[in-house]
file start.cif (mmCIF, C-alpha atoms)
data_final
loop_
_atom_site.group_PDB
_atom_site.id
_atom_site.type_symbol
_atom_site.label_atom_id
_atom_site.label_comp_id
_atom_site.auth_asym_id
_atom_site.auth_seq_id
_atom_site.Cartn_x
_atom_site.Cartn_y
_atom_site.Cartn_z
ATOM 1 C CA PRO A 1139 5.789 -26.368 14.985
ATOM 2 C CA LYS A 1140 3.792 -25.997 11.756
ATOM 3 C CA ALA A 1141 2.827 -29.688 11.852
ATOM 4 C CA ASP A 1142 3.110 -32.357 14.512
ATOM 5 C CA LEU A 1143 1.932 -35.794 13.347
ATOM 6 C CA LYS A 1144 2.262 -39.192 14.972
ATOM 7 C CA VAL A 1145 2.339 -41.778 12.185
ATOM 8 C CA GLN A 1146 4.212 -44.917 11.260
ATOM 9 C CA VAL A 1147 6.771 -43.920 8.619
ATOM 10 C CA HIS A 1148 9.490 -46.453 9.465
ATOM 11 C CA GLY A 1149 9.649 -50.256 9.875
ATOM 12 C CA ASP A 1150 9.267 -50.222 13.668
ATOM 13 C CA ALA A 1151 5.666 -50.816 14.833
ATOM 14 C CA ARG A 1152 5.666 -47.695 17.004
ATOM 15 C CA PRO A 1153 4.559 -44.425 15.388
ATOM 16 C CA GLU A 1154 7.151 -41.769 14.709
ATOM 17 C CA ARG A 1155 6.762 -38.076 15.289
ATOM 18 C CA VAL A 1156 6.793 -35.972 12.124
ATOM 19 C CA VAL A 1157 7.294 -32.287 12.839
ATOM 20 C CA VAL A 1158 7.705 -29.266 10.579
ATOM 21 C CA MET A 1159 9.661 -26.566 12.348
ATOM 22 C CA GLY A 1160 10.421 -23.544 10.252
ATOM 23 C CA ARG A 1161 11.241 -25.085 6.880
ATOM 24 C CA ASP A 1162 12.606 -28.346 8.320
ATOM 25 C CA LEU A 1163 10.683 -31.624 8.098
ATOM 26 C CA VAL A 1164 11.915 -33.706 11.043
ATOM 27 C CA VAL A 1165 11.251 -37.397 11.811
ATOM 28 C CA LEU A 1166 12.078 -38.859 15.227
ATOM 29 C CA GLY A 1167 10.810 -41.383 17.722
ATOM 30 C CA PRO A 1168 11.739 -44.221 20.046
ATOM 31 C CA GLY A 1169 11.873 -46.751 17.200
ATOM 32 C CA TYR A 1170 13.401 -44.502 14.566
ATOM 33 C CA LYS A 1171 17.173 -44.946 14.194
ATOM 34 C CA GLY A 1172 17.335 -46.665 17.560
ATOM 35 C CA GLY A 1173 15.526 -43.809 19.286
ATOM 36 C CA SER A 1174 18.743 -41.806 19.598
ATOM 37 C CA GLN A 1175 18.809 -40.035 16.217
ATOM 38 C CA TYR A 1176 16.521 -38.172 13.886
ATOM 39 C CA ALA A 1177 16.383 -37.376 10.186
ATOM 40 C CA TYR A 1178 15.297 -34.213 8.472
ATOM 41 C CA ALA A 1179 14.861 -32.596 5.102
ATOM 42 C CA ARG A 1180 15.035 -28.872 4.479
ATOM 43 C CA LEU A 1181 11.915 -27.827 2.594
ATOM 44 C CA SER A 1182 14.001 -25.496 0.466
ATOM 45 C CA ASP A 1183 11.308 -25.077 -2.203
ATOM 46 C CA PHE A 1184 9.583 -22.708 0.201
ATOM 47 C CA ALA A 1185 11.061 -19.266 0.883
ATOM 48 C CA ALA A 1186 9.472 -18.976 4.336
ATOM 49 C CA PRO A 1187 7.701 -21.258 6.834
ATOM 50 C CA GLU A 1188 4.366 -19.541 6.149
ATOM 51 C CA ASP A 1189 4.573 -20.740 2.517
ATOM 52 C CA ILE A 1190 3.942 -24.300 3.785
ATOM 53 C CA THR A 1191 0.158 -24.604 3.865
ATOM 54 C CA GLU A 1192 -0.511 -28.250 4.791
ATOM 55 C CA VAL A 1193 1.313 -31.343 6.034
ATOM 56 C CA THR A 1194 -0.440 -34.718 6.103
ATOM 57 C CA ALA A 1195 0.548 -38.389 5.940
ATOM 58 C CA ARG A 1196 -0.845 -41.415 4.122
ATOM 59 C CA ASP A 1197 0.446 -44.698 2.767
ATOM 60 C CA ILE A 1198 0.779 -43.836 -0.913
ATOM 61 C CA THR A 1199 3.294 -46.511 -1.922
ATOM 62 C CA GLY A 1200 1.343 -49.378 -0.341
ATOM 63 C CA ASP A 1201 4.193 -50.597 1.873
ATOM 64 C CA GLY A 1202 2.241 -50.184 5.121
ATOM 65 C CA LEU A 1203 4.180 -47.026 6.030
ATOM 66 C CA ALA A 1204 2.958 -43.467 5.639
ATOM 67 C CA GLU A 1205 4.530 -41.012 3.237
ATOM 68 C CA ILE A 1206 4.538 -37.343 4.201
ATOM 69 C CA VAL A 1207 2.572 -35.010 1.910
ATOM 70 C CA VAL A 1208 3.495 -31.318 1.980
ATOM 71 C CA ARG A 1209 1.548 -28.614 0.165
ATOM 72 C CA GLY A 1210 2.568 -25.023 -0.214
ATOM 73 C CA LYS A 1211 3.325 -21.953 -2.291
ATOM 74 C CA VAL A 1212 6.553 -21.382 -4.201
ATOM 75 C CA LYS A 1213 7.693 -18.060 -5.673
ATOM 76 C CA LEU A 1214 9.020 -18.775 -9.184
ATOM 77 C CA SER A 1215 9.726 -15.113 -9.997
ATOM 78 C CA PRO A 1216 8.672 -11.705 -8.687
ATOM 79 C CA THR A 1217 5.402 -12.033 -10.637
ATOM 80 C CA VAL A 1218 4.808 -15.814 -10.768
ATOM 81 C CA ASP A 1219 3.646 -18.028 -7.891
ATOM 82 C CA SER A 1220 3.265 -21.785 -7.968
ATOM 83 C CA GLU A 1221 1.479 -24.214 -5.682
ATOM 84 C CA VAL A 1222 3.014 -27.638 -5.178
ATOM 85 C CA LEU A 1223 2.319 -31.020 -3.642
ATOM 86 C CA LEU A 1224 5.481 -32.774 -2.440
ATOM 87 C CA VAL A 1225 5.682 -36.416 -1.312
ATOM 88 C CA TYR A 1226 8.431 -37.505 1.117
ATOM 89 C CA SER A 1227 9.436 -40.864 2.553
ATOM 90 C CA ALA A 1228 11.198 -41.515 5.837
ATOM 91 C CA SER A 1229 11.184 -45.292 5.609
ATOM 92 C CA GLY A 1230 14.958 -45.508 5.274
ATOM 93 C CA ASP A 1231 17.519 -43.735 7.402
ATOM 94 C CA ARG A 1232 16.810 -40.335 5.835
ATOM 95 C CA VAL A 1233 13.922 -38.208 4.634
ATOM 96 C CA ALA A 1234 13.824 -38.206 0.832
ATOM 97 C CA ARG A 1235 11.509 -36.559 -1.669
ATOM 98 C CA LEU A 1236 9.737 -39.068 -3.893
ATOM 99 C CA LEU A 1237 7.627 -36.762 -6.055
ATOM 100 C CA ALA A 1238 6.785 -33.104 -6.747
ATOM 101 C CA VAL A 1239 3.569 -32.076 -8.517
ATOM 102 C CA GLU A 1240 2.799 -28.474 -9.422
ATOM 103 C CA THR A 1241 -0.914 -27.999 -8.735
ATOM 104 C CA ALA A 1242 -1.386 -24.346 -9.769
ATOM 105 C CA ARG A 1243 0.382 -21.350 -11.267
ATOM 106 C CA GLU A 1244 -0.605 -17.711 -10.849
ATOM 107 C CA SER A 1245 0.624 -14.422 -12.283
ATOM 108 C CA GLN A 1246 -0.763 -10.906 -12.033
ATOM 109 C CA GLY A 1247 -4.279 -12.006 -11.094
ATOM 110 C CA SER A 1248 -4.549 -14.818 -13.668
ATOM 111 C CA ARG A 1249 -4.444 -18.444 -12.543
ATOM 112 C CA ILE A 1250 -4.194 -21.978 -13.890
ATOM 113 C CA GLN A 1251 -5.475 -24.592 -11.434
ATOM 114 C CA GLY A 1252 -4.691 -28.252 -12.063
ATOM 115 C CA LEU A 1253 -6.431 -31.316 -10.655
ATOM 116 C CA VAL A 1254 -4.544 -33.868 -8.569
ATOM 117 C CA GLN A 1255 -6.058 -36.838 -6.798
ATOM 118 C CA PHE A 1256 -4.919 -39.995 -5.069
ATOM 119 C CA VAL A 1257 -6.607 -42.966 -6.735
ATOM 120 C CA PRO A 1258 -6.497 -46.419 -5.096
ATOM 121 C CA SER A 1259 -4.181 -48.690 -7.058
ATOM 122 C CA LYS A 1260 -5.372 -52.076 -8.284
ATOM 123 C CA THR A 1261 -2.328 -53.637 -6.638
ATOM 124 C CA ARG A 1262 -1.480 -51.553 -3.523
ATOM 125 C CA GLY A 1263 -1.264 -48.000 -2.302
ATOM 126 C CA PHE A 1264 -2.327 -45.101 -4.492
ATOM 127 C CA GLU A 1265 -1.648 -43.817 -7.968
ATOM 128 C CA ILE A 1266 -1.476 -40.057 -8.435
ATOM 129 C CA ASP A 1267 -3.769 -38.786 -11.176
ATOM 130 C CA VAL A 1268 -2.816 -35.367 -12.616
ATOM 131 C CA ARG A 1269 -5.108 -33.524 -15.036
ATOM 132 C CA PRO A 1270 -5.602 -30.052 -16.450
ATOM 133 C CA GLY A 1271 -8.108 -28.046 -14.486
ATOM 134 C CA THR A 1272 -9.358 -24.539 -15.089
ATOM 135 C CA SER A 1273 -7.917 -21.231 -16.133
ATOM 136 C CA ARG A 1274 -8.986 -17.813 -14.901
ATOM 137 C CA GLY A 1275 -7.579 -14.935 -16.936
ATOM 138 C CA PHE A 1276 -5.229 -17.023 -19.061
ATOM 139 C CA THR A 1277 -6.128 -18.302 -22.506
ATOM 140 C CA GLU A 1278 -4.141 -20.360 -24.966
ATOM 141 C CA LYS A 1279 -3.203 -17.093 -26.740
ATOM 142 C CA ASN A 1280 -2.130 -14.957 -23.768
ATOM 143 C CA CYS A 1281 -0.636 -17.559 -21.441
ATOM 144 C CA PRO A 1282 3.080 -16.904 -20.905
ATOM 145 C CA PHE A 1283 3.699 -20.523 -19.824
ATOM 146 C CA SER A 1284 4.251 -23.369 -22.213
ATOM 147 C CA GLU A 1285 3.383 -26.953 -21.484
ATOM 148 C CA THR A 1286 6.428 -28.788 -20.237
ATOM 149 C CA GLU A 1287 6.783 -32.517 -19.906
ATOM 150 C CA ALA A 1288 7.116 -34.285 -16.591
ATOM 151 C CA THR A 1289 10.769 -34.987 -15.888
ATOM 152 C CA GLY A 1290 11.862 -37.597 -13.397
ATOM 153 C CA GLN A 1291 10.034 -36.985 -10.152
ATOM 154 C CA SER A 1292 8.697 -33.539 -11.108
ATOM 155 C CA VAL A 1293 5.307 -32.944 -12.741
ATOM 156 C CA PRO A 1294 4.369 -29.435 -13.969
ATOM 157 C CA VAL A 1295 0.835 -28.048 -13.899
ATOM 158 C CA LEU A 1296 -1.023 -29.256 -16.981
ATOM 159 C CA LEU A 1297 -2.489 -26.529 -19.181
ATOM 160 C CA PRO A 1298 -6.222 -26.792 -20.042
ATOM 161 C CA TRP A 1299 -5.397 -26.381 -23.755
ATOM 162 C CA GLY A 1300 -2.246 -28.492 -23.687
ATOM 163 C CA LYS A 1301 -1.569 -31.821 -25.378
ATOM 164 C CA THR A 1302 -1.421 -33.786 -22.113
ATOM 165 C CA LYS A 1303 -4.983 -34.582 -21.016
ATOM 166 C CA SER A 1304 -3.985 -36.732 -18.059
ATOM 167 C CA LEU A 1305 -0.949 -38.169 -16.393
ATOM 168 C CA ARG A 1306 -0.856 -41.067 -13.967
ATOM 169 C CA MET A 1307 2.123 -41.455 -11.626
ATOM 170 C CA VAL A 1308 2.532 -45.005 -10.302
ATOM 171 C CA TRP A 1309 4.879 -46.331 -7.622
ATOM 172 C CA ASN A 1310 6.952 -49.212 -9.056
ATOM 173 C CA GLY A 1311 8.591 -50.210 -5.762
ATOM 174 C CA THR A 1312 11.507 -47.813 -6.167
ATOM 175 C CA THR A 1313 10.255 -44.614 -7.775
ATOM 176 C CA PHE A 1314 7.175 -42.960 -9.268
ATOM 177 C CA THR A 1315 6.890 -43.489 -13.023
ATOM 178 C CA LYS A 1316 4.484 -42.255 -15.677
ATOM 179 C CA GLN A 1317 1.923 -44.842 -16.644
#

call {"tool": "encode", "arguments": {"input": "start.cif", "output": "structure tokens"}}
result
Amino acid sequence: PKADLKVQVHGDARPERVVVMGRDLVVLGPGYKGGSQYAYARLSDFAAPEDITEVTARDITGDGLAEIVVRGKVKLSPTVDSEVLLVYSASGDRVARLLAVETARESQGSRIQGLVQFVPSKTRGFEIDVRPGTSRGFTEKNCPFSETEATGQSVPVLLPWGKTKSLRMVWNGTTFTKQ
């Protein structure tokens, strides 16, 4: 398996096992779904298992249960690669994606690198702070990408010269929203 974590992601006090096998994120354990079932999500953003670079867990929503954080590389076209941070929850009876943040974009040796950090919330859990970072090779004049607005649970990489200087994603108890 690519990742094998033992963390509490469900209401039962016992930790569950979170495993990434191939491109499948699997949650199972003695307290999960009565110990006789499992849940999984296909990490279909990634073309191959080796595109998944990191899997960790932390309580982002502040409910006492860990969310699963997946980082990896996504091929957008034959010449454009993207790096993403995906947040999943397994607190219900299925594994569901809560948020996707593009952290970098690269094409033909040029790269835009965004900044993403988990900031402790004043109430509970973490807020996700997204900011423009640096550009190597791209300028405002030669960059083939335009700044796009965050839609729903998807946040694009912010361009260093773009209008959006920062974006804060906050958990409202049901979904992440822009603050």

call {"tool": "resolve_selection", "arguments": {"input": "start.cif", "expression": "the PyMOL selection byres ((chain A and resi 1145-1159) around 12)", "output": "PyMOL selection string"}}
result
chain A and resi 1139-1144+1160-1173+1175-1181+1186-1188+1190-1208+1226-1234

call {"tool": "closest_residue", "arguments": {"input": "start.cif", "among": "A:Ile1250, A:Val1293, A:Leu1305, A:Leu1223", "to": "A:Glu1278", "atoms": "only C-alpha atoms"}}
result
A:Ile1250

call {"tool": "residues_around", "arguments": {"input": "start.cif", "residues": "A:Pro1298", "least_positions_apart": "5", "cutoff": "8 Å", "atoms": "all atoms listed in the file", "output": "MDAnalysis selection string"}}
result
chainID A and resid 1270:1273 1303

call {"tool": "closest_residue", "arguments": {"input": "start.cif", "among": "A:Lys1260, A:Arg1274, A:Arg1269, A:Arg1209", "to": "A:Leu1297", "atoms": "only C-alpha atoms"}}
result
A:Arg1269

call {"tool": "atom_distance", "arguments": {"input": "start.cif", "atom1": "atom CA of A:Phe1256", "atom2": "atom CA of A:Lys1213"}}
result
25.3 Å

call {"tool": "atom_distance", "arguments": {"input": "start.cif", "atom1": "atom CA of A:Thr1313", "atom2": "atom CA of A:Ser1182"}}
result
21.2 Å

call {"tool": "atom_distance", "arguments": {"input": "start.cif", "atom1": "atom CA of A:Phe1184", "atom2": "atom CA of A:Val1254"}}
result
20.0 Å

call {"tool": "residues_around", "arguments": {"input": "start.cif", "residues": "A:Ile1266", "least_positions_apart": "3", "cutoff": "7 Å", "atoms": "all atoms listed in the file", "output": "ChimeraX atom specification"}}
result
/A:1254-1257,1306-1308

call {"tool": "write_last_selection", "arguments": {"input": "start.cif", "atoms": "C-alpha atoms", "output": "PDB file, in the coordinates of the input"}}
result
ATOM      1  CA  VAL A1254      -4.544 -33.868  -8.569  1.00  0.00           C
ATOM      2  CA  GLN A1255      -6.058 -36.838  -6.798  1.00  0.00           C
ATOM      3  CA  PHE A1256      -4.919 -39.995  -5.069  1.00  0.00           C
ATOM      4  CA  VAL A1257      -6.607 -42.966  -6.735  1.00  0.00           C
ATOM      5  CA  ARG A1306      -0.856 -41.067 -13.967  1.00  0.00           C
ATOM      6  CA  MET A1307       2.123 -41.455 -11.626  1.00  0.00           C
ATOM      7  CA  VAL A1308       2.532 -45.005 -10.302  1.00  0.00           C
TER       8      VAL A1308
END

call {"tool": "axis_aligned_box", "arguments": {"input": "start.cif", "around": "stretch 1210-1223 of chain A", "padding_each_side": "5 Å", "output": "JSON"}}
result
{"center_x": 5.6, "center_y": -21.4, "center_z": -5.5, "size_x": 18.2, "size_y": 29.3, "size_z": 20.6}

call {"tool": "residues_near_point", "arguments": {"input": "start.cif", "point": "(-2.1, -21.8, -22.3)", "cutoff": "10 Å", "atoms": "all atoms listed in the file", "output": "count of residues only"}}
result
17

call {"tool": "build_atoms", "arguments": {"input": "start.cif", "residues": "stretch 1223-1234 of chain A", "atoms": "N, CA and C atoms", "output": "compact mmCIF listing (two decimals), in the coordinates of the input"}}
result
# COMPACT_ATOMS: atom_id res chain seq x y z
N LEU A 1223 2.57 -29.89 -4.53
CA LEU A 1223 2.32 -31.02 -3.64
C LEU A 1223 3.60 -31.85 -3.68
N LEU A 1224 4.22 -32.04 -2.52
CA LEU A 1224 5.48 -32.77 -2.44
C LEU A 1224 5.26 -34.03 -1.60
N VAL A 1225 5.82 -35.15 -2.03
CA VAL A 1225 5.68 -36.42 -1.31
C VAL A 1225 7.06 -36.84 -0.83
N TYR A 1226 7.17 -37.09 0.49
CA TYR A 1226 8.43 -37.51 1.12
C TYR A 1226 8.27 -38.86 1.78
N SER A 1227 9.39 -39.58 1.86
CA SER A 1227 9.44 -40.86 2.55
C SER A 1227 10.51 -40.80 3.64
N ALA A 1228 10.20 -41.40 4.77
CA ALA A 1228 11.20 -41.52 5.84
C ALA A 1228 11.39 -42.97 6.21
N SER A 1229 11.12 -43.87 5.29
CA SER A 1229 11.18 -45.29 5.61
C SER A 1229 12.61 -45.81 5.70
N GLY A 1230 13.56 -45.12 5.14
CA GLY A 1230 14.96 -45.51 5.27
C GLY A 1230 15.58 -44.76 6.44
N ASP A 1231 16.85 -44.46 6.31
CA ASP A 1231 17.52 -43.74 7.40
C ASP A 1231 17.56 -42.23 7.16
N ARG A 1232 16.86 -41.77 6.12
CA ARG A 1232 16.81 -40.34 5.84
C ARG A 1232 15.44 -39.98 5.27
N VAL A 1233 15.16 -38.70 5.23
CA VAL A 1233 13.92 -38.21 4.63
C VAL A 1233 14.24 -37.83 3.19
N ALA A 1234 13.53 -38.43 2.25
CA ALA A 1234 13.82 -38.21 0.83
C ALA A 1234 12.54 -37.85 0.08
